[in-house]
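Structure, as structure tokens:
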Amino acid sequence: MRRMKTIVLVLMAALLLSGCATVDDMYAIPKRSQDYNDLQVSIDKAMTNLSYSAPVAGENRQSVQMADLDGDGTAEYLVFAKDSNERPLKILVFRNVDGRYDHVDTLESNGTAFDQVEYVQLDEKPGLEIVIGRQVSDQVFRSMTVYTMDSGKVTQVISDNYTKLLPVDMNGDGTGELFLIKPGQTDADKGVISLYGVRNGVLERSNEADMSQPADRIKRIISGKLQNGGNAVYIASTVDESTLITDVFVLHDGLMTNMTLSVESGTSVKTMRNYYIYADDVDDDGVVELPALLNMKPVSSQTNSDQLHLIRWYALTASGEEKDKMYTFHNFLDGWYLQLEEDLVNRITVTMDSGVYRFCVWDTDFKNTEELLRITTHSAQSLTEQEGAVVLTRTDAVVYTAILTPYAEKYGITQESVVYNFRLIHQDWKTGET
């Protein structure tokens with residue numbers, strides 16, 4: 001799947017300028033190129049009684065965008081506008097014809113605003129399709145229309161409703177599909193997934209697949225790879241105030257399948273977990289990992305309410321098998337995590353007192369613990385030198401330090417290994433994003 005990045009109109013002049021510059025030219029007031037001026041004149045003429053109306057969601061939010069719709073190597077310009085007529089939303093399409101910019105088409109539609117626009121290679125023909133999402137009054141549903149350019153004119157291919165839209169490449173063939181999420185018949189019904197893709201040269205909808213939760217409970221949606229190389233879409237939804245469940249959607253024998261629902265997929269994938277962390281590629285290997293909480297045996301001074309957890313990160317194969325990838329302790333309050341050695345995970349316990357996190361290890365009989373290290377977060381202004389402390393990392397505002405005890409060496413833990421395994425938490429792991 002190929003996607004064109006949009007470019008703000010005010011930057012077009014810089015892109016269109018060419019030639020050599022003298023020293024005097026470098027200090028002269030920049031001049032617009034003739035191409036830019038010609039385009040601006042054409043847009044101004046077509047915009048009579050119209051106002052700009054940029055999309056409000058997604059990555060492409062400029063009022064003027066560029067995409068090669070016919071595959072001839074030259075981008076068309078799309079202007080998103082609005083008026084007060086019965087079909088108020090307009091997309092003005094401009095092409096470079098023999099060195100001049102012609103207004104070749106206007107796409108009109110109902111709605112109150114452009115919600116989202118995507119440029120997707122949906123088939124093997126040259127050119128990108130335009131995927132337009134529109135808001136319709138105050139309805140939860142959005143309206144989607146897909147257009148393609150043929151012989152210089154833009155024609156409608158399909159239309160459907162959705163609540164969330166994601167361009168994907170589910171089968172990894174280099175052409176895109178459209179992943180649509182819809183609510184059920186009632187607010188309590190599970191969300192429904194539809195996938196649009198080209199089959200036998202025709203863009204059509206596949207079978208529908210159910211989510212585990214209603215669509216209005218979605219907190220985060222990402223697409224990424226499975227452990228054995230297939231592609232999947234991961235949808236995290238709230239179950240209650242403390243837990244999430246992640247639906248993992250894949251193409252199985254050409255059909256959209258939810259791996260989390262064992263009845264549908266034939267697997268027993270379970271992805272219930274802590275509310276404050278989401279699936280992501282934590283080890284940067286191109287594969288999405290899912291987190292699962294691991295209880296630690298508390299020391300005698302801890303109560304259940306103070307219990308901290310480790311996280312087991314695992315990836316899924318297309319058959320639903322889990323492959324362990326990493327074990328971590330996450331401190332969400334201070335924004336860091338520490339990767340742990342697998343052979344110590346079952347015996348590690350972490351306590352927190354006055355902002356100091358102490359990592360201890362139980363003996364093989366789980367009767368006594370030995371403290372291995374302490375990690376502390378300091379204000380950059382208030383940091384004072386501590387004997388034996390090593391700086392793990394620092395930002396403009398805070399400094400993270402560790403102190404290793406004599407027992408650390410016994411378990412192969414060094415200052416170098418702690419620095420290497422210490423990481424800052426990505427913000428979207430804590431907050432989610434849809």
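By order of appearance in the structure tokens: chains A, B, ..., then residues from 1 within every chain, and ligands from 1 in the order shown.
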
request  = May I have the residues within 6 Å of Leu78 (chain A) as a PyMOL selection string, using only C-alpha atoms and disregarding those fewer than 3 positions away in the same chain?
outcome  = chain A and resi 64-65+92-93

Using C-alpha atoms, can you write the selected residues to a file as a compact mmCIF listing (two decimals), in the first residue's frame?
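The new file part.txt reads:
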```
# COMPACT_ATOMS: atom_id res chain seq x y z
CA VAL A 64 -5.03 21.92 0.02
CA GLN A 65 -3.49 18.50 -0.55
CA LEU A 92 -12.10 20.79 -6.04
CA VAL A 93 -9.68 18.79 -8.19
```

task = Write down as a ChimeraX atom specification the residues belonging to region 138-326 of chain A that are assigned alpha helix (DSSP H) by DSSP computed on the backbone.
result = /A:262-265

Against region 173-176 of chain A, which residues of region 182-301 of chain A fall within 10 Å? For each one I want the closest pair of atoms and the distance in Å (one decimal), counting only C-alpha atoms, rows by chain and increasing residue number, as a tab-separated table.
```
residue	atom	partner	partner_atom	distance
A:Tyr196	CA	A:Gly176	CA	8.9
A:Gly197	CA	A:Gly176	CA	7.1
A:Val198	CA	A:Gly176	CA	8.6
```

request  = Would you list the contacts of region 156-164 of chain A as a VMD selection string, taking every protein, DNA or RNA residue within 12 Å and counting only C-alpha atoms, but skipping same-chain residues closer than 6 positions in sequence?
outcome  = chain A and resid 57 to 58 107 to 109 115 to 116 122 129 to 136 139 to 150 178 to 184 191 to 198 202 to 205 214 to 222 235 434

request  = Rank A:Glu241, A:Asp44, A:Asp281, A:Glu208 by their smallest atom-to-atom distance to Leu255 (chain A), using only C-alpha atoms, and report the top residue only.
outcome  = A:Glu208

key: 10 Å contact set for region 96-102 of chain A, only C-alpha atoms, chain neighbours under 3 positions out, as number ranges by chain   = A: 35-36, 38-43, 46, 74-77, 93, 105

key: Shell of 6 Å around Leu128 (chain A), only C-alpha atoms, local chain residues under 2 positions omitted, as an NGL selection string   = :A and (69 or 119-121)

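A straight line drawn from CA of Ile425 (chain A) to CA of Ala315 (chain A) is 19.1 Å long.
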
task = Excluding Val288 (chain A) and residues on its chain fewer than 6 positions from it, collect all residues at most 10 Å away from it, counting only C-alpha atoms, and give them as JSON, numbers by chain.
result = {"A": [222, 223, 224, 225, 226, 227, 231, 232, 233, 234, 279, 280, 281, 282, 313, 314, 315, 316]}

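For the pair CA of Ala81 (chain A) and CA of Pro126 (chain A), the separation is 26.7 Å.
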
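With only C-alpha atoms as the atoms that count, the residue of A:Trp362, A:Phe249, A:Phe94, A:Tyr407 with the shortest distance to Asn346 (chain A) is A:Trp362.
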
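For Leu344 (chain A), the list of residues within 12 Å, based on only C-alpha atoms and with local chain neighbours fewer than 2 positions off taken out, reads Met296, Leu310, Tyr327, Thr328, Gln339, Leu340, Glu341, Glu342, Asn346, Arg347, Ile348, Thr349, Phe359, Cys360, Val361, Trp362, Asp363, Thr364, Leu372, Ala408, Tyr411, Gly412 and Ile413 of chain A.
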
Print the selection's residues with C-alpha atoms to a file, as a PDB file, in the first residue's frame.
```pdb
ATOM      1  CA  MET A 296       5.139 -10.649  42.305  1.00  0.00           C
ATOM      2  CA  LEU A 310       5.771  -7.139  36.249  1.00  0.00           C
ATOM      3  CA  TYR A 327       9.788  -8.986  30.785  1.00  0.00           C
ATOM      4  CA  THR A 328       9.663  -5.497  32.285  1.00  0.00           C
ATOM      5  CA  GLN A 339      13.818  -4.779  31.240  1.00  0.00           C
ATOM      6  CA  LEU A 340      14.475  -7.832  33.401  1.00  0.00           C
ATOM      7  CA  GLU A 341      16.376 -11.042  32.806  1.00  0.00           C
ATOM      8  CA  GLU A 342      13.990 -13.936  32.245  1.00  0.00           C
ATOM      9  CA  ASN A 346       9.814 -15.575  38.971  1.00  0.00           C
ATOM     10  CA  ARG A 347      11.773 -14.385  42.027  1.00  0.00           C
ATOM     11  CA  ILE A 348      11.888 -10.604  41.520  1.00  0.00           C
ATOM     12  CA  THR A 349       9.826  -8.335  43.750  1.00  0.00           C
ATOM     13  CA  PHE A 359      14.402  -4.374  43.280  1.00  0.00           C
ATOM     14  CA  CYS A 360      14.826  -7.484  45.404  1.00  0.00           C
ATOM     15  CA  VAL A 361      15.177 -11.183  44.645  1.00  0.00           C
ATOM     16  CA  TRP A 362      13.738 -14.054  46.667  1.00  0.00           C
ATOM     17  CA  ASP A 363      15.872 -17.046  47.499  1.00  0.00           C
ATOM     18  CA  THR A 364      14.866 -20.379  45.985  1.00  0.00           C
ATOM     19  CA  LEU A 372      19.768  -5.786  44.159  1.00  0.00           C
ATOM     20  CA  ALA A 408      23.745  -7.360  42.230  1.00  0.00           C
ATOM     21  CA  TYR A 411      23.092 -12.225  39.783  1.00  0.00           C
ATOM     22  CA  GLY A 412      25.065 -10.791  36.879  1.00  0.00           C
ATOM     23  CA  ILE A 413      23.655  -7.282  37.228  1.00  0.00           C
TER      24      ILE A 413
END
```

request  = Give the strand (DSSP E) residues of region 314-424 of chain A, as assigned by DSSP on the backbone, as number ranges by chain.
outcome  = A: 314-316, 322-331, 336-340, 348-353, 356-362, 369-379, 389-394, 398-404, 422-424

query = Can you tell me how far CA of Pro291 (chain A) sits from CA of Ile245 (chain A), in Å to one decimal?
reply = 10.6 Å

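Of the listed residues A:Asp253, A:Glu118, A:Asp396, A:Asp284, the one whose atoms come nearest to Ala380 (chain A) is A:Asp396, with distances taken using only C-alpha atoms.
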